[in-house]
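Written out below as structure tokens is the structure these notes cover.
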Amino acid sequence: MNSNNMSKIQIAKAKRLRSTPYTSRIEKQGLTAYTTYNHMLLPAAFEVSLEVSYYHLKEHVQVWDVAAERQVEISGDDSDELVQMMTCRDLSKSKVGRCYYCPIIDDQANLINDPVVLRINKNKWWLSIADSDLILFAKGLAIGKKFKVNIKEPNVDIMAVQGPKSFALMEKIFGKSITELKFFDFDYFDFRGVKHLIARSGWSKQGGYEIYVENTKSGLELYDYLFEIGKEFNVKPGCPHLIERIESALLSYGNDFDLNDNPLECGFDKYVNLDSDVEFLGKEKLKQIKAAGVSKKLMGIMIDLNRINLSRALDITIDNKIVGELRSAVYSPTFNQVIGIAMIKKPFFEIDTSVEIIIDKVTKTGKLCNIPFV
Ligand code: THG
């Protein structure tokens, strides 16, 4: 952590703030901070600095405890209809063995969540959720619509293997076939007689895999083996990385967008399918928004500043008039300045627009840009 006064403050664990099967391991491996996600512990920092781990992630390989990316399992005769009802992405041609990044919206087209949706088989889906209680929304719809579905949170604890050397590391354990898995495909791979669902995916743009561990005992053996056999690839424990994810514009629900934003405002246009005949909540509303044009939009921002620690949104102004808000920000060693993600109102959401932000009572200058930054 970069803030000294936080170093002695601890998070009080409890049953409702769930640990993961990997918790005891990461705490022995130099964990220094947690955040919470889906009522679960999500590692946020290790002993090494944010910058050291940034370069490490971009050069080597890391293993992440992302068990907090919980699964909402929807199965049964009407599971197709329910999953499609919740997302503006057309899943009518979806295939078993594929992952789909799907905005989940309500009847007003506001964002409820942005899971990775896995089609497990014809009548079974996993929605690998971001930080909101999607299971309650799904259950409410299923009850109201009298759908024949079963909805639950199965015991699945994801570990991610991320970074350019993830391919060589995983090949050593699972053989050549795992390197042939295409981006956002998944399949089952054997580790010491136990099959694990592994997808080529993950919350970094450095390449890698996510292992959806259902058999905890085997998963923990695999976790330990990744570190044992990974020495030659300089494997380290890690976690979703603030600098890397902002540069790559991997958006974070609750930080960059929430229930007050719609998919078109967040740049999710390629996951919004309004021209097919599939039915989903908020479709008419989205058509109206598209026709009228959005009234605000997520943009990148470069700020003339070399340090920031954001814990709430900050107003962005032009001549003292509020034109938007800064929602995430970090110092980027690559750009040698602070970069961030901001929601900017119409008509100010044009690249190269000069803006101001008051940080610690001092006015700083910045410029709007497109995302991703890299
Ligand atoms: N992996 C899994 N579950 C998750 C996340 C994850 N649940 C919560 C959270 N992350 C959901 N958010 C995202 C955001 C972006 C991506 C995945 C999950 C992502 N996007 C690709 C990109 O931007 O390049 C595009 C994917 C596509 O085009 O289909 O990977 O990380 N299991």
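All residue names refer to the structure tokens as shown: chains lettered A, B, ... in order, residues numbered from 1 in each chain, ligands numbered from 1 in order.
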Once you count only C-alpha atoms and all ligand atoms, what closest atom pair and distance in Å to one decimal does each residue of chain A within 6 Å of ligand 1 have, with rows by chain and rising residue number, as a tab-separated table?
residue	atom	partner	partner_atom_place_in_ligand_line	distance
A:Glu69	CA	ligand 1	7 (N)	4.8
A:Tyr100	CA	ligand 1	29 (O)	5.3
A:Tyr101	CA	ligand 1	29 (O)	4.8
A:Asp114	CA	ligand 1	11 (C)	5.3
A:Pro115	CA	ligand 1	11 (C)	4.7
A:Val116	CA	ligand 1	3 (N)	5.2
A:Ser128	CA	ligand 1	3 (N)	4.4
A:Ile129	CA	ligand 1	7 (N)	4.2
A:Ala130	CA	ligand 1	8 (C)	3.6
A:Ser201	CA	ligand 1	30 (O)	5.9
A:Gly202	CA	ligand 1	31 (O)	4.3
A:Trp203	CA	ligand 1	31 (O)	3.7
A:Leu250	CA	ligand 1	15 (C)	5.1
A:Leu251	CA	ligand 1	14 (C)	5.7
Proximity check stretch 101-202 of chain A to stretch 212-231 of chain A, 7 Å, nearest pairs one decimal Å, only C-alpha atoms, as JSON lines:
{"residue": "A:Asn155", "atom": "CA", "partner": "A:Glu214", "partner_atom": "CA", "distance": 6.0}
{"residue": "A:Val156", "atom": "CA", "partner": "A:Glu214", "partner_atom": "CA", "distance": 4.8}
{"residue": "A:Asp157", "atom": "CA", "partner": "A:Val213", "partner_atom": "CA", "distance": 5.1}
{"residue": "A:Ile158", "atom": "CA", "partner": "A:Tyr212", "partner_atom": "CA", "distance": 4.5}
{"residue": "A:Met159", "atom": "CA", "partner": "A:Tyr212", "partner_atom": "CA", "distance": 6.8}
{"residue": "A:Leu169", "atom": "CA", "partner": "A:Gly230", "partner_atom": "CA", "distance": 6.1}
{"residue": "A:Val194", "atom": "CA", "partner": "A:Ser218", "partner_atom": "CA", "distance": 6.9}
{"residue": "A:His196", "atom": "CA", "partner": "A:Val213", "partner_atom": "CA", "distance": 6.3}
{"residue": "A:Leu197", "atom": "CA", "partner": "A:Tyr212", "partner_atom": "CA", "distance": 5.4}
{"residue": "A:Ile198", "atom": "CA", "partner": "A:Tyr212", "partner_atom": "CA", "distance": 6.1}
Next, dump the selected residues to file, keeping only all heavy atoms, as a PDB file, in the first residue's frame.
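Written output follows (again-v4.pdb):
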ATOM      1  N   ASN A 155     -20.110 -23.843  -5.699  1.00  0.00           N
ATOM      2  CA  ASN A 155     -18.770 -23.669  -5.113  1.00  0.00           C
ATOM      3  C   ASN A 155     -17.726 -23.675  -6.214  1.00  0.00           C
ATOM      4  O   ASN A 155     -17.219 -24.731  -6.599  1.00  0.00           O
ATOM      5  CB  ASN A 155     -18.471 -24.795  -4.116  1.00  0.00           C
ATOM      6  CG  ASN A 155     -19.342 -24.679  -2.892  1.00  0.00           C
ATOM      7  OD1 ASN A 155     -19.613 -23.567  -2.405  1.00  0.00           O
ATOM      8  ND2 ASN A 155     -19.816 -25.807  -2.400  1.00  0.00           N
ATOM      9  N   VAL A 156     -17.463 -22.508  -6.741  1.00  0.00           N
ATOM     10  CA  VAL A 156     -16.457 -22.356  -7.790  1.00  0.00           C
ATOM     11  C   VAL A 156     -15.542 -21.220  -7.349  1.00  0.00           C
ATOM     12  O   VAL A 156     -16.025 -20.137  -6.999  1.00  0.00           O
ATOM     13  CB  VAL A 156     -17.098 -22.007  -9.152  1.00  0.00           C
ATOM     14  CG1 VAL A 156     -16.032 -21.724 -10.204  1.00  0.00           C
ATOM     15  CG2 VAL A 156     -18.014 -23.129  -9.621  1.00  0.00           C
ATOM     16  N   ASP A 157     -14.254 -21.482  -7.313  1.00  0.00           N
ATOM     17  CA  ASP A 157     -13.282 -20.482  -6.860  1.00  0.00           C
ATOM     18  C   ASP A 157     -12.212 -20.297  -7.931  1.00  0.00           C
ATOM     19  O   ASP A 157     -11.328 -21.146  -8.081  1.00  0.00           O
ATOM     20  CB  ASP A 157     -12.653 -20.934  -5.540  1.00  0.00           C
ATOM     21  CG  ASP A 157     -13.689 -21.058  -4.444  1.00  0.00           C
ATOM     22  OD1 ASP A 157     -14.167 -20.019  -3.970  1.00  0.00           O
ATOM     23  OD2 ASP A 157     -14.059 -22.206  -4.077  1.00  0.00           O
ATOM     24  N   ILE A 158     -12.327 -19.181  -8.665  1.00  0.00           N
ATOM     25  CA  ILE A 158     -11.419 -18.983  -9.799  1.00  0.00           C
ATOM     26  C   ILE A 158     -10.026 -18.596  -9.330  1.00  0.00           C
ATOM     27  O   ILE A 158      -9.875 -17.770  -8.433  1.00  0.00           O
ATOM     28  CB  ILE A 158     -11.938 -17.868 -10.738  1.00  0.00           C
ATOM     29  CG1 ILE A 158     -13.353 -18.197 -11.257  1.00  0.00           C
ATOM     30  CG2 ILE A 158     -10.977 -17.645 -11.912  1.00  0.00           C
ATOM     31  CD1 ILE A 158     -13.913 -17.150 -12.227  1.00  0.00           C
ATOM     32  N   MET A 159      -9.007 -19.209  -9.943  1.00  0.00           N
ATOM     33  CA  MET A 159      -7.667 -18.632  -9.862  1.00  0.00           C
ATOM     34  C   MET A 159      -7.255 -18.262 -11.282  1.00  0.00           C
ATOM     35  O   MET A 159      -7.505 -19.007 -12.229  1.00  0.00           O
ATOM     36  CB  MET A 159      -6.657 -19.554  -9.180  1.00  0.00           C
ATOM     37  CG  MET A 159      -6.311 -20.819  -9.877  1.00  0.00           C
ATOM     38  SD  MET A 159      -4.991 -21.684  -8.989  1.00  0.00           S
ATOM     39  CE  MET A 159      -5.749 -23.280  -8.763  1.00  0.00           C
ATOM     40  N   LEU A 169       3.949 -21.623 -18.823  1.00  0.00           N
ATOM     41  CA  LEU A 169       3.712 -22.260 -17.524  1.00  0.00           C
ATOM     42  C   LEU A 169       2.570 -23.270 -17.610  1.00  0.00           C
ATOM     43  O   LEU A 169       2.689 -24.412 -17.148  1.00  0.00           O
ATOM     44  CB  LEU A 169       3.414 -21.185 -16.464  1.00  0.00           C
ATOM     45  CG  LEU A 169       2.948 -21.664 -15.085  1.00  0.00           C
ATOM     46  CD1 LEU A 169       3.938 -22.649 -14.457  1.00  0.00           C
ATOM     47  CD2 LEU A 169       2.742 -20.472 -14.146  1.00  0.00           C
ATOM     48  N   VAL A 194      -7.986 -35.087 -12.040  1.00  0.00           N
ATOM     49  CA  VAL A 194      -9.183 -34.259 -11.813  1.00  0.00           C
ATOM     50  C   VAL A 194      -9.335 -33.264 -12.958  1.00  0.00           C
ATOM     51  O   VAL A 194      -8.369 -32.593 -13.346  1.00  0.00           O
ATOM     52  CB  VAL A 194      -9.091 -33.500 -10.462  1.00  0.00           C
ATOM     53  CG1 VAL A 194     -10.308 -32.597 -10.260  1.00  0.00           C
ATOM     54  CG2 VAL A 194      -8.959 -34.479  -9.301  1.00  0.00           C
ATOM     55  N   HIS A 196     -10.506 -29.847 -14.662  1.00  0.00           N
ATOM     56  CA  HIS A 196     -10.787 -28.457 -14.297  1.00  0.00           C
ATOM     57  C   HIS A 196     -11.230 -27.677 -15.522  1.00  0.00           C
ATOM     58  O   HIS A 196     -10.625 -27.804 -16.593  1.00  0.00           O
ATOM     59  CB  HIS A 196      -9.522 -27.789 -13.725  1.00  0.00           C
ATOM     60  CG  HIS A 196      -9.096 -28.334 -12.404  1.00  0.00           C
ATOM     61  ND1 HIS A 196      -9.589 -27.870 -11.212  1.00  0.00           N
ATOM     62  CD2 HIS A 196      -8.236 -29.333 -12.074  1.00  0.00           C
ATOM     63  CE1 HIS A 196      -9.044 -28.545 -10.206  1.00  0.00           C
ATOM     64  NE2 HIS A 196      -8.212 -29.443 -10.701  1.00  0.00           N
ATOM     65  N   LEU A 197     -12.262 -26.845 -15.347  1.00  0.00           N
ATOM     66  CA  LEU A 197     -12.706 -25.961 -16.433  1.00  0.00           C
ATOM     67  C   LEU A 197     -11.706 -24.802 -16.509  1.00  0.00           C
ATOM     68  O   LEU A 197     -11.509 -24.074 -15.527  1.00  0.00           O
ATOM     69  CB  LEU A 197     -14.123 -25.441 -16.141  1.00  0.00           C
ATOM     70  CG  LEU A 197     -14.856 -24.656 -17.250  1.00  0.00           C
ATOM     71  CD1 LEU A 197     -16.337 -24.572 -16.921  1.00  0.00           C
ATOM     72  CD2 LEU A 197     -14.296 -23.275 -17.510  1.00  0.00           C
ATOM     73  N   ILE A 198     -11.090 -24.655 -17.666  1.00  0.00           N
ATOM     74  CA  ILE A 198     -10.111 -23.568 -17.845  1.00  0.00           C
ATOM     75  C   ILE A 198     -10.491 -22.743 -19.072  1.00  0.00           C
ATOM     76  O   ILE A 198     -10.749 -23.281 -20.152  1.00  0.00           O
ATOM     77  CB  ILE A 198      -8.674 -24.119 -17.992  1.00  0.00           C
ATOM     78  CG1 ILE A 198      -8.314 -24.967 -16.748  1.00  0.00           C
ATOM     79  CG2 ILE A 198      -7.663 -22.971 -18.180  1.00  0.00           C
ATOM     80  CD1 ILE A 198      -6.912 -25.541 -16.758  1.00  0.00           C
TER      81      ILE A 198
END
Neighbour list for stretch 239-245 of chain A as JSON, numbers by chain, cut-off 9 Å, only C-alpha atoms, skip fewer than 4 positions in-chain: {"A": [42, 43, 44, 45, 46, 50, 51, 53, 54, 57, 58, 62, 63, 64, 65, 66, 160, 203, 204, 205, 206, 249, 250, 251, 252, 328, 329, 330, 331, 332, 333, 339]}
Export of prior selection with N, CA and C atoms as a compact mmCIF listing (two decimals), in the first residue's frame:
# COMPACT_ATOMS: atom_id res chain seq x y z
N LEU A 42 -11.05 -10.01 -1.64
CA LEU A 42 -10.32 -9.97 -2.92
C LEU A 42 -8.98 -9.30 -2.65
N PRO A 43 -7.87 -10.00 -2.91
CA PRO A 43 -6.56 -9.38 -2.64
C PRO A 43 -6.38 -8.11 -3.47
N ALA A 44 -5.79 -7.08 -2.84
CA ALA A 44 -5.62 -5.80 -3.53
C ALA A 44 -4.16 -5.37 -3.62
N ALA A 45 -3.29 -5.91 -2.79
CA ALA A 45 -1.88 -5.53 -2.86
C ALA A 45 -1.00 -6.56 -2.15
N PHE A 46 0.21 -6.70 -2.65
CA PHE A 46 1.22 -7.54 -2.02
C PHE A 46 2.40 -6.65 -1.62
N LEU A 50 3.23 -1.14 -6.32
CA LEU A 50 2.32 -1.23 -7.46
C LEU A 50 3.11 -1.22 -8.78
N GLU A 51 4.14 -0.41 -8.84
CA GLU A 51 4.93 -0.31 -10.08
C GLU A 51 5.76 -1.56 -10.33
N SER A 53 5.03 -4.57 -9.36
CA SER A 53 4.12 -5.65 -9.79
C SER A 53 3.59 -5.39 -11.20
N TYR A 54 3.48 -4.11 -11.57
CA TYR A 54 3.05 -3.74 -12.93
C TYR A 54 4.02 -4.28 -13.98
N LEU A 57 3.95 -8.14 -14.05
CA LEU A 57 2.79 -8.67 -14.77
C LEU A 57 2.97 -8.58 -16.29
N LYS A 58 3.62 -7.51 -16.74
CA LYS A 58 3.78 -7.31 -18.18
C LYS A 58 4.93 -8.14 -18.78
N GLN A 62 1.75 -14.21 -13.23
CA GLN A 62 1.23 -14.11 -11.86
C GLN A 62 0.05 -15.06 -11.67
N VAL A 63 -0.12 -15.52 -10.45
CA VAL A 63 -1.30 -16.30 -10.08
C VAL A 63 -2.15 -15.43 -9.16
N TRP A 64 -3.42 -15.27 -9.49
CA TRP A 64 -4.34 -14.39 -8.74
C TRP A 64 -5.47 -15.19 -8.10
N ASP A 65 -5.77 -14.86 -6.84
CA ASP A 65 -6.96 -15.38 -6.17
C ASP A 65 -8.13 -14.46 -6.56
N VAL A 66 -8.90 -14.86 -7.56
CA VAL A 66 -10.09 -14.09 -7.95
C VAL A 66 -11.36 -14.91 -7.71
N ALA A 160 -6.67 -17.08 -11.40
CA ALA A 160 -6.26 -16.61 -12.72
C ALA A 160 -4.74 -16.74 -12.84
N TRP A 203 -8.72 -10.75 -16.22
CA TRP A 203 -8.89 -9.30 -16.13
C TRP A 203 -7.56 -8.56 -16.28
N SER A 204 -6.82 -8.93 -17.33
CA SER A 204 -5.65 -8.16 -17.74
C SER A 204 -5.54 -8.35 -19.24
N LYS A 205 -4.78 -7.48 -19.88
CA LYS A 205 -4.56 -7.62 -21.32
C LYS A 205 -3.20 -8.24 -21.59
N GLN A 206 -2.63 -8.91 -20.58
CA GLN A 206 -1.30 -9.50 -20.75
C GLN A 206 -1.36 -10.97 -21.15
N ALA A 249 -8.27 -0.20 -20.12
CA ALA A 249 -9.71 0.12 -20.06
C ALA A 249 -10.56 -1.12 -19.80
N LEU A 250 -10.10 -1.96 -18.88
CA LEU A 250 -10.96 -3.02 -18.37
C LEU A 250 -11.80 -2.36 -17.28
N LEU A 251 -13.08 -2.18 -17.56
CA LEU A 251 -13.92 -1.36 -16.67
C LEU A 251 -14.37 -2.14 -15.44
N SER A 252 -14.55 -1.38 -14.35
CA SER A 252 -14.85 -1.98 -13.06
C SER A 252 -16.22 -1.52 -12.57
N SER A 328 -12.00 6.65 -11.69
CA SER A 328 -10.83 5.83 -11.34
C SER A 328 -9.62 6.60 -11.80
N ALA A 329 -8.51 6.47 -11.08
CA ALA A 329 -7.28 7.14 -11.51
C ALA A 329 -6.08 6.53 -10.83
N VAL A 330 -4.94 6.60 -11.52
CA VAL A 330 -3.71 6.04 -10.98
C VAL A 330 -2.53 6.70 -11.70
N TYR A 331 -1.38 6.71 -11.04
CA TYR A 331 -0.17 7.16 -11.73
C TYR A 331 0.31 6.04 -12.66
N SER A 332 0.52 6.38 -13.94
CA SER A 332 1.02 5.40 -14.89
C SER A 332 2.49 5.65 -15.20
N PRO A 333 3.36 4.70 -14.91
CA PRO A 333 4.78 4.87 -15.23
C PRO A 333 5.00 4.96 -16.74
N ILE A 339 -3.38 8.90 -15.04
CA ILE A 339 -4.40 8.63 -16.06
C ILE A 339 -5.67 8.17 -15.33
Option closest in space to A:Phe335, from A:Val72, A:Gln10, A:Ile301, A:Leu134 [counting only C-alpha atoms]: A:Ile301
Residues of stretch 98-163 of chain A in helix (DSSP H, G or I), written as number ranges by chain: A: 134-145
Every residue of stretch 14-260 of chain A that DSSP places in strand (DSSP E or B), as a VMD selection string: chain A and resid 14 17 to 18 31 to 37 40 to 46 61 to 65 71 to 75 87 98 to 101 104 to 105 111 to 113 116 to 121 124 to 128 150 to 152 157 to 162 185 to 191 194 to 199 208 to 213 235 to 238 253 257
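Across A:Met85, A:Val235, A:Ala199, A:Ile11, the tightest approach to A:Leu141 is made by A:Met85 when counting only C-alpha atoms.
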